[in-house]
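Asker: As input, take my_file33.txt (compact mmCIF, C-alpha atoms):
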# COMPACT_ATOMS: atom_id res chain seq x y z
CA MET A 23 10.89 0.32 30.15
CA ALA A 24 10.65 -2.64 27.84
CA ALA A 25 8.07 -4.26 30.09
CA GLU A 26 5.56 -1.56 29.26
CA HIS A 27 3.37 -2.35 26.33
CA HIS A 28 4.43 -0.11 23.52
CA SER A 29 2.85 -1.50 20.43
CA PRO A 30 3.98 0.27 17.25
CA LEU A 31 0.30 0.72 16.49
CA GLU A 32 -0.44 2.54 19.72
CA GLN A 33 0.36 5.87 18.11
CA PHE A 34 -2.72 5.52 15.92
CA ARG A 35 -5.16 5.18 18.80
CA VAL A 36 -8.05 7.60 18.71
CA GLU A 37 -8.69 9.01 22.17
CA HIS A 38 -11.56 11.11 23.37
CA ILE A 39 -10.78 14.58 24.55
CA GLY A 40 -13.22 15.90 27.10
CA GLY A 41 -16.51 14.17 27.82
CA ASN A 42 -18.34 11.62 25.73
CA LEU A 43 -20.98 13.03 23.47
CA SER A 44 -23.50 11.13 21.45
CA LEU A 45 -26.10 12.18 18.99
CA GLY A 46 -28.79 9.85 17.74
CA GLY A 47 -26.82 6.80 18.86
CA TYR A 48 -23.60 7.94 17.17
CA ASP A 49 -20.48 8.77 19.10
CA ILE A 50 -19.62 12.37 18.25
CA SER A 51 -17.08 12.98 21.02
CA PHE A 52 -14.22 15.29 20.27
CA ASN A 53 -11.01 13.28 19.82
CA ASN A 54 -7.35 13.71 19.02
CA SER A 55 -7.94 13.03 15.32
CA ALA A 56 -10.41 15.89 15.11
CA LEU A 57 -8.07 18.04 17.17
CA TRP A 58 -5.20 17.57 14.72
CA MET A 59 -7.51 18.21 11.78
CA LEU A 60 -8.49 21.50 13.38
CA ILE A 61 -4.83 22.30 14.05
CA ALA A 62 -4.01 21.60 10.41
CA VAL A 63 -6.84 23.80 9.18
CA ALA A 64 -5.89 26.58 11.59
CA ALA A 65 -2.24 26.34 10.56
CA ILE A 66 -3.15 26.49 6.87
CA THR A 67 -5.32 29.55 7.49
CA VAL A 68 -2.59 31.35 9.43
CA PHE A 69 0.06 30.29 6.93
CA MET A 70 -1.88 31.62 3.97
CA LEU A 71 -3.19 34.80 5.58
CA VAL A 72 0.14 35.87 7.03
CA GLY A 73 1.87 34.96 3.78
CA ILE A 74 -0.31 37.16 1.62
CA ARG A 75 -0.79 39.96 4.16
CA LYS A 76 1.82 42.28 2.71
CA GLN A 77 1.26 41.47 -0.97
CA ALA A 78 4.72 42.76 -1.77
CA VAL A 79 5.76 42.92 -5.41
CA VAL A 80 9.04 41.32 -4.44
CA PRO A 81 7.94 38.54 -2.09
CA GLY A 82 9.68 37.80 1.15
CA ARG A 83 10.43 34.23 2.15
CA TRP A 84 7.03 33.47 3.59
CA GLN A 85 5.13 35.05 0.72
CA ALA A 86 7.40 33.27 -1.77
CA LEU A 87 6.50 29.95 -0.16
CA VAL A 88 2.78 30.66 -0.37
CA GLU A 89 3.15 31.77 -3.98
CA PHE A 90 5.19 28.68 -4.78
CA LEU A 91 2.48 26.38 -3.44
CA TYR A 92 -0.17 28.35 -5.32
CA ASP A 93 1.79 28.13 -8.57
CA PHE A 94 2.50 24.46 -8.00
CA VAL A 95 -1.17 23.49 -7.74
CA ALA A 96 -2.24 25.97 -10.43
CA ASN A 97 0.27 24.49 -12.88
CA MET A 98 -0.79 20.98 -11.98
CA LEU A 99 -4.40 21.86 -12.77
CA LYS A 100 -3.45 23.62 -15.99
CA GLU A 101 -1.29 20.72 -17.18
CA ASN A 102 -3.87 18.05 -16.42
CA VAL A 103 -7.24 19.74 -16.91
CA GLY A 104 -6.48 22.80 -19.02
CA ASN A 105 -8.15 26.18 -18.68
CA GLU A 106 -11.52 24.75 -17.66
CA GLY A 107 -9.84 23.51 -14.50
CA ARG A 108 -9.29 27.04 -13.24
CA LYS A 109 -12.62 27.31 -11.49
CA TYR A 110 -11.98 24.15 -9.49
CA PHE A 111 -8.72 25.55 -8.17
CA PRO A 112 -9.96 26.48 -4.66
CA TRP A 113 -11.22 22.96 -4.09
CA VAL A 114 -8.10 21.21 -5.40
CA PHE A 115 -5.84 23.60 -3.51
CA SER A 116 -7.75 22.94 -0.28
CA ILE A 117 -7.33 19.20 -0.73
CA PHE A 118 -3.63 19.58 -1.40
CA MET A 119 -2.99 21.83 1.59
CA PHE A 120 -5.07 19.71 3.96
CA VAL A 121 -3.36 16.44 3.02
CA LEU A 122 0.08 18.06 3.01
CA PHE A 123 -0.35 19.65 6.43
CA CYS A 124 -1.90 16.55 7.97
CA ASN A 125 0.97 14.43 6.65
CA LEU A 126 3.62 16.84 7.84
CA PHE A 127 2.05 17.43 11.26
CA GLY A 128 2.00 13.69 11.71
CA LEU A 129 5.79 13.79 11.78
CA LEU A 130 5.88 16.11 14.79
CA PRO A 131 6.76 14.27 17.99
CA ASN A 132 3.71 13.23 20.02
CA SER A 133 1.34 14.31 17.29
CA PHE A 134 -1.42 12.29 15.71
CA THR A 135 -1.34 11.45 12.02
CA VAL A 136 -4.84 12.12 10.77
CA THR A 137 -4.15 10.54 7.38
CA SER A 138 -3.07 7.25 8.97
CA HIS A 139 -6.71 6.27 9.41
CA ILE A 140 -8.30 4.75 6.35
CA ILE A 141 -11.69 6.14 7.23
CA VAL A 142 -10.28 9.67 7.00
CA THR A 143 -8.51 9.12 3.69
CA PHE A 144 -11.51 7.20 2.38
CA ALA A 145 -13.81 10.08 3.27
CA LEU A 146 -11.48 12.43 1.40
CA ALA A 147 -11.30 10.10 -1.59
CA LEU A 148 -15.06 9.59 -1.57
CA MET A 149 -15.56 13.35 -1.57
CA VAL A 150 -13.28 13.59 -4.61
CA PHE A 151 -15.15 10.74 -6.29
CA ILE A 152 -18.62 12.15 -5.64
CA ILE A 153 -17.75 15.71 -6.62
CA VAL A 154 -15.94 14.60 -9.79
CA THR A 155 -18.84 12.36 -10.80
CA ALA A 156 -21.30 15.18 -10.10
CA ILE A 157 -19.22 17.55 -12.24
CA GLY A 158 -19.27 14.99 -15.03
CA PHE A 159 -23.04 14.64 -14.92
CA ILE A 160 -23.62 18.39 -14.59
CA ARG A 161 -21.37 19.24 -17.53
CA HIS A 162 -22.41 16.44 -19.86
CA GLY A 163 -25.76 15.29 -18.55
CA LEU A 164 -26.61 11.65 -19.23
CA HIS A 165 -24.10 11.72 -22.06
CA PHE A 166 -21.49 11.25 -19.30
CA LEU A 167 -22.51 7.57 -19.17
CA SER A 168 -20.84 7.06 -22.56
CA PHE A 169 -17.59 7.56 -20.63
CA PHE A 170 -17.94 3.90 -19.69
CA VAL A 171 -18.15 2.74 -23.30
CA PRO A 172 -14.62 2.38 -24.65
CA LYS A 173 -14.10 3.90 -28.06
CA GLY A 174 -13.04 1.68 -30.92
CA ALA A 175 -13.91 -1.59 -29.21
CA PRO A 176 -15.80 -4.15 -31.32
CA ALA A 177 -19.46 -4.49 -30.40
CA TRP A 178 -19.24 -8.11 -29.26
CA LEU A 179 -16.64 -7.13 -26.65
CA LEU A 180 -18.80 -4.42 -25.12
CA PRO A 181 -20.62 -6.67 -22.59
CA LEU A 182 -17.16 -7.48 -21.22
CA MET A 183 -15.59 -4.06 -21.56
CA ILE A 184 -18.35 -2.00 -19.96
CA PRO A 185 -18.26 -3.85 -16.59
CA ILE A 186 -14.47 -3.56 -16.61
CA GLU A 187 -14.67 0.16 -17.25
CA ILE A 188 -17.25 0.59 -14.51
CA ILE A 189 -15.17 -1.37 -12.02
CA SER A 190 -12.05 0.57 -12.95
CA TYR A 191 -14.03 3.74 -12.27
CA PHE A 192 -15.25 2.54 -8.90
CA ILE A 193 -11.89 1.34 -7.62
CA ARG A 194 -10.58 4.90 -7.90
CA PRO A 195 -11.62 6.10 -4.44
CA MET A 196 -10.33 2.87 -2.93
CA SER A 197 -6.87 2.99 -4.46
CA LEU A 198 -6.70 6.72 -3.72
CA SER A 199 -7.45 6.23 -0.04
CA VAL A 200 -5.48 3.01 0.51
CA ARG A 201 -2.37 4.53 -1.06
CA LEU A 202 -2.26 7.51 1.29
CA PHE A 203 -3.25 5.55 4.37
CA ALA A 204 -0.81 2.67 3.76
CA ASN A 205 2.12 4.99 3.18
CA MET A 206 1.47 6.93 6.34
CA VAL A 207 0.95 3.84 8.50
CA ALA A 208 4.00 2.01 7.11
CA GLY A 209 6.32 4.94 7.69
CA HIS A 210 5.18 5.65 11.21
CA VAL A 211 5.21 1.99 12.26
CA MET A 212 8.74 1.67 10.88
CA LEU A 213 9.89 4.67 12.89
CA VAL A 214 8.49 3.31 16.14
CA VAL A 215 9.86 -0.19 15.54
CA LEU A 216 13.32 1.18 14.86
CA GLY A 217 12.97 3.45 17.87
CA SER A 218 12.25 0.47 20.09
CA PHE A 219 15.60 -1.04 19.07
CA VAL A 220 17.61 1.86 20.41
CA LEU A 221 17.49 1.10 24.11
CA PRO A 222 17.94 -2.72 24.01
CA LEU A 223 20.78 -2.48 21.53
CA GLY A 224 22.42 0.32 23.47
CA LEU A 225 22.22 -1.68 26.71
CA ALA A 226 23.22 -4.97 25.13
CA GLY A 227 26.42 -4.06 23.39
CA ALA A 228 28.90 -1.41 24.14
CA TYR A 229 26.77 1.71 24.21
CA ILE A 230 27.95 2.49 20.70
CA SER A 231 25.64 -0.09 19.10
CA GLY A 232 22.57 1.95 19.99
CA ILE A 233 23.73 4.49 17.46
CA VAL A 234 22.91 2.21 14.53
CA PRO A 235 19.10 2.41 14.83
CA VAL A 236 19.35 6.11 15.63
CA ALA A 237 21.20 6.64 12.36
CA ALA A 238 18.57 4.59 10.55
CA ILE A 239 15.77 6.65 12.12
CA THR A 240 17.51 9.85 11.08
CA ALA A 241 17.65 8.67 7.49
CA ILE A 242 14.08 7.39 7.52
CA ILE A 243 12.70 10.64 9.00
CA GLY A 244 14.14 12.35 5.94
CA LEU A 245 12.44 9.78 3.73
CA GLU A 246 9.18 10.30 5.62
CA PHE A 247 9.24 14.02 4.90
CA LEU A 248 9.70 13.20 1.21
CA ILE A 249 6.83 10.70 1.33
CA ALA A 250 4.56 13.12 3.20
CA CYS A 251 5.00 15.69 0.43
CA LEU A 252 4.96 13.13 -2.38
CA GLN A 253 1.73 11.52 -1.19
CA ALA A 254 0.03 14.91 -0.97
CA TYR A 255 1.23 15.49 -4.53
CA VAL A 256 -0.01 12.08 -5.72
CA PHE A 257 -3.41 12.60 -4.09
CA THR A 258 -3.76 15.99 -5.74
CA ILE A 259 -2.55 14.98 -9.18
CA LEU A 260 -4.96 12.05 -9.20
CA THR A 261 -7.75 14.44 -8.28
CA CYS A 262 -6.70 16.55 -11.26
CA ILE A 263 -6.66 13.53 -13.57
CA TYR A 264 -10.10 12.39 -12.44
CA LEU A 265 -11.33 15.95 -12.87
CA ASN A 266 -9.94 15.94 -16.39
CA ASP A 267 -11.83 12.73 -17.16
CA ALA A 268 -15.05 14.31 -15.94
CA VAL A 269 -14.54 17.61 -17.75
CA HIS A 270 -13.23 16.31 -21.07
CA MET A 271 -14.51 12.73 -21.00
CA ASN A 272 -11.44 11.21 -22.58
CA HIS A 273 -9.37 8.55 -20.93
CA MET B 14 37.51 55.40 0.41
CA THR B 15 37.58 51.64 0.49
CA GLU B 16 34.09 51.44 -0.93
CA ASN B 17 35.02 53.03 -4.21
CA ASP B 18 38.25 51.09 -4.63
CA PRO B 19 37.85 49.85 -8.23
CA GLU B 20 40.16 46.90 -7.79
CA ARG B 21 38.16 45.63 -4.83
CA LEU B 22 34.89 46.11 -6.65
CA GLN B 23 36.16 44.14 -9.60
CA LYS B 24 37.24 41.33 -7.35
CA LEU B 25 33.84 41.28 -5.72
CA ASP B 26 32.21 41.25 -9.13
CA ALA B 27 34.23 38.23 -10.19
CA ARG B 28 33.41 36.40 -6.98
CA LEU B 29 29.72 37.17 -7.35
CA LYS B 30 29.75 35.88 -10.89
CA ALA B 31 31.52 32.69 -9.91
CA ALA B 32 29.09 32.11 -7.04
CA ARG B 33 26.08 32.72 -9.26
CA GLU B 34 27.35 30.32 -11.89
CA ARG B 35 28.06 27.71 -9.28
CA ILE B 36 24.57 27.92 -7.83
CA GLU B 37 22.50 28.36 -10.95
CA GLY B 38 24.54 26.19 -13.27
CA GLY B 39 24.73 23.37 -10.78
CA SER B 40 21.37 23.01 -9.15
CA GLY B 41 19.26 24.34 -12.02
CA ALA B 42 19.72 21.11 -13.94
CA ASP B 43 19.57 19.12 -10.71
CA ARG B 44 16.27 20.66 -9.79
CA GLN B 45 14.77 19.85 -13.18
CA GLN B 46 16.04 16.30 -12.88
CA SER B 47 14.59 15.84 -9.40
CA ALA B 48 11.26 17.33 -10.50
CA ALA B 49 11.12 14.78 -13.32
CA ASP B 50 12.11 12.05 -10.87
CA SER B 51 9.35 12.92 -8.44
CA LYS B 52 6.86 12.92 -11.29
CA LEU B 53 7.91 9.41 -12.21
CA ALA B 54 7.82 8.39 -8.55
CA ALA B 55 4.28 9.72 -8.33
CA ALA B 56 3.35 7.64 -11.37
CA GLY B 57 4.91 4.61 -9.72
CA TRP B 58 2.84 5.17 -6.59
CA ARG B 59 -0.23 5.45 -8.76
CA MET B 60 0.39 2.10 -10.40
CA SER B 61 1.52 0.15 -7.37
CA LEU B 62 -1.90 -0.37 -5.83
CA GLU B 63 -4.24 -0.60 -8.78
CA LEU B 64 -3.91 -4.37 -9.22
CA VAL B 65 -4.45 -5.24 -5.57
CA VAL B 66 -7.35 -2.86 -5.12
CA GLY B 67 -8.92 -4.05 -8.36
CA ILE B 68 -8.87 -7.69 -7.30
CA VAL B 69 -10.07 -6.94 -3.76
CA PHE B 70 -12.89 -4.76 -5.05
CA GLY B 71 -13.88 -7.46 -7.56
CA LEU B 72 -13.87 -10.12 -4.86
CA GLY B 73 -15.97 -7.97 -2.54
CA LEU B 74 -18.47 -7.13 -5.23
CA GLY B 75 -18.70 -10.76 -6.31
CA TRP B 76 -19.18 -11.91 -2.74
CA LEU B 77 -21.98 -9.39 -2.32
CA VAL B 78 -23.74 -10.59 -5.47
CA ASP B 79 -23.28 -14.23 -4.43
CA PHE B 80 -24.56 -13.46 -0.95
CA SER B 81 -27.73 -11.91 -2.25
CA LEU B 82 -28.36 -14.40 -5.07
CA GLY B 83 -27.10 -17.54 -3.36
CA THR B 84 -24.82 -18.54 -6.24
CA LYS B 85 -21.90 -19.14 -3.98
CA PRO B 86 -18.57 -19.13 -5.79
CA TRP B 87 -19.41 -18.10 -9.32
CA PHE B 88 -19.82 -14.33 -9.31
CA MET B 89 -16.86 -14.03 -6.96
CA ILE B 90 -14.65 -15.71 -9.53
CA ILE B 91 -16.03 -13.72 -12.45
CA PHE B 92 -15.75 -10.39 -10.64
CA MET B 93 -12.25 -11.16 -9.44
CA PHE B 94 -11.10 -11.45 -13.04
CA LEU B 95 -13.05 -8.36 -14.02
CA GLY B 96 -11.38 -6.49 -11.15
CA LEU B 97 -7.97 -7.72 -12.29
CA ALA B 98 -8.73 -6.49 -15.80
CA ALA B 99 -9.87 -3.14 -14.42
CA GLY B 100 -6.64 -2.81 -12.45
CA ILE B 101 -4.56 -3.57 -15.52
CA LEU B 102 -6.62 -1.08 -17.50
CA ASN B 103 -5.83 1.65 -14.96
CA ILE B 104 -2.13 0.77 -15.01
CA MET B 105 -2.04 0.95 -18.81
CA ARG B 106 -3.70 4.35 -18.72
CA THR B 107 -1.14 5.60 -16.22
CA ALA B 108 1.67 4.31 -18.42
CA ARG B 109 0.15 6.07 -21.43
CA ASP B 110 -0.06 9.32 -19.46
CA ILE B 111 3.65 9.10 -18.66
CA GLN B 112 4.53 8.52 -22.29
CA ARG B 113 2.39 11.45 -23.34
CA HIS B 114 4.11 13.74 -20.84
CA GLN B 115 7.59 12.64 -21.83
CA ARG B 116 7.06 13.44 -25.44
Would you encode the structure as structure tokens?
Answerer:
Amino acid sequence: MAAEHHSPLEQFRVEHIGGNLSLGGYDISFNNSALWMLIAVAAITVFMLVGIRKQAVVPGRWQALVEFLYDFVANMLKENVGNEGRKYFPWVFSIFMFVLFCNLFGLLPNSFTVTSHIIVTFALALMVFIIVTAIGFIRHGLHFLSFFVPKGAPAWLLPLMIPIEIISYFIRPMSLSVRLFANMVAGHVMLVVLGSFVLPLGLAGAYISGIVPVAAITAIIGLEFLIACLQAYVFTILTCIYLNDAVHMNH
Amino acid sequence: MTENDPERLQKLDARLKAARERIEGGSGADRQQSAADSKLAAAGWRMSLELVVGIVFGLGLGWLVDFSLGTKPWFMIIFMFLGLAAGILNIMRTARDIQRHQR
């Protein structure tokens, strides 16, 4: 068993499903990452549609869960953006549900964690960045550029402060994507590394010693569920905060 | 006739009340506490990366400028410090947000 190559990073390998397709020199084959994205989207659709099917006044468990998630994101938007944020709710809610479901599905055995690839999280973060910037320019026109001029700074500091403000604006999509990706990768690698201890330790000592890493995995799986939800929350709340900056133009 | 036994109903009432108090009194405060905790944890996650990403972004940008202008180390150094400052700026804003929410 141990002779087989089981790198902890093997779980992140993208594999083609079906034949190879290419379009204009780009590889557009269907792969397991895309498959799990589709599964997440399908699961979200089913989850929401079944949850709101009855529209009971007194919600059942399923409906209560859907309503809880709705309220959660709606309150987040209201707290951070105010009433103007209401019309961006569908977008923010979609981001939240997609990241949450991708994170949680990654914890299923033999699944693929979509959010463990930085290109996926970076694409999400870049979408947030571009849309938020577009909203800023649409709402305020060129006046949005004054967002980069800090208020109350003395004039001689401006040549220094404006580049800093611009850089701090442009590192947003990077920190947003790296945070989600790094958390997912770290957790999953840790689980596999601990999992690889079980058999050698169990064979080495009295069989009892194999229990130690199993206990650690059990604890860490719990932590991973917390992190999966927390990172979806962090991603969404940062989207709300960036949205607030674009809508209200105050830091 | 057991259903209308007043003594039994009263007992049930008392037990219901005790159970409700136990559940709502106990975890109501707990839930609020854990919600506040996860908010702080989220803020911590927000801060943790800003510095690193700021410096890396500054270095990359500086390298790009150097590469195109042929001024080898200079812009890299300048932009690294600008990136560091940008990271600190973001951290300070996060900290101010937390303070504003706590008040």
Asker: Compile the contact shell of Leu130 (chain A) as a ChimeraX atom specification: residues with an atom at most 12 Å away, counting only C-alpha atoms, same-chain residues fewer than 5 positions apart removed.
Answerer: /A:58,123-125,135,210,243,246-247
Asker: Would you list the contacts of region 90-92 of chain B as a PyMOL selection string, taking every protein, DNA or RNA residue within 10 Å and counting all atoms listed in the file, but skipping same-chain residues closer than 6 positions in sequence?
Answerer: (chain A and resi 185-186+189) or (chain B and resi 67-76+78+98)
Asker: Go ahead and dump the residues you just picked, C-alpha atoms, as a PDB file, in the coordinates of the input.
Answerer:
ATOM      1  CA  PRO A 185     -18.260  -3.850 -16.590  1.00  0.00           C
ATOM      2  CA  ILE A 186     -14.470  -3.560 -16.610  1.00  0.00           C
ATOM      3  CA  ILE A 189     -15.170  -1.370 -12.020  1.00  0.00           C
TER       4      ILE A 189
ATOM      5  CA  GLY B  67      -8.920  -4.050  -8.360  1.00  0.00           C
ATOM      6  CA  ILE B  68      -8.870  -7.690  -7.300  1.00  0.00           C
ATOM      7  CA  VAL B  69     -10.070  -6.940  -3.760  1.00  0.00           C
ATOM      8  CA  PHE B  70     -12.890  -4.760  -5.050  1.00  0.00           C
ATOM      9  CA  GLY B  71     -13.880  -7.460  -7.560  1.00  0.00           C
ATOM     10  CA  LEU B  72     -13.870 -10.120  -4.860  1.00  0.00           C
ATOM     11  CA  GLY B  73     -15.970  -7.970  -2.540  1.00  0.00           C
ATOM     12  CA  LEU B  74     -18.470  -7.130  -5.230  1.00  0.00           C
ATOM     13  CA  GLY B  75     -18.700 -10.760  -6.310  1.00  0.00           C
ATOM     14  CA  TRP B  76     -19.180 -11.910  -2.740  1.00  0.00           C
ATOM     15  CA  VAL B  78     -23.740 -10.590  -5.470  1.00  0.00           C
ATOM     16  CA  ALA B  98      -8.730  -6.490 -15.800  1.00  0.00           C
TER      17      ALA B  98
END
Asker: Need to verify the contact set: Leu31 (chain A), 12 Å, all atoms listed in the file, exclusion of same-chain residues closer than 5 positions in sequence. Can you return it as an MDAnalysis selection string?
Answerer: chainID A and resid 36 134:135 138:139 206:215
Asker: Between B:Arg113, B:Lys52, B:Gln23, B:Ile104, which has the minimum distance to Ile259 (chain A) (counting all atoms listed in the file)?
Answerer: B:Lys52
Asker: Find the residue from A:Gly232, A:Gly244, A:Pro172, A:Gly224 that sits nearest to chain B; use only C-alpha atoms when measuring.
Answerer: A:Pro172
Asker: For CA of Ala177 (chain A) and CA of Phe159 (chain A), quote the distance in Å rounded to one decimal.
Answerer: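 Answer for the CA of Ala177 (chain A) to CA of Phe159 (chain A) separation: 24.9 Å.
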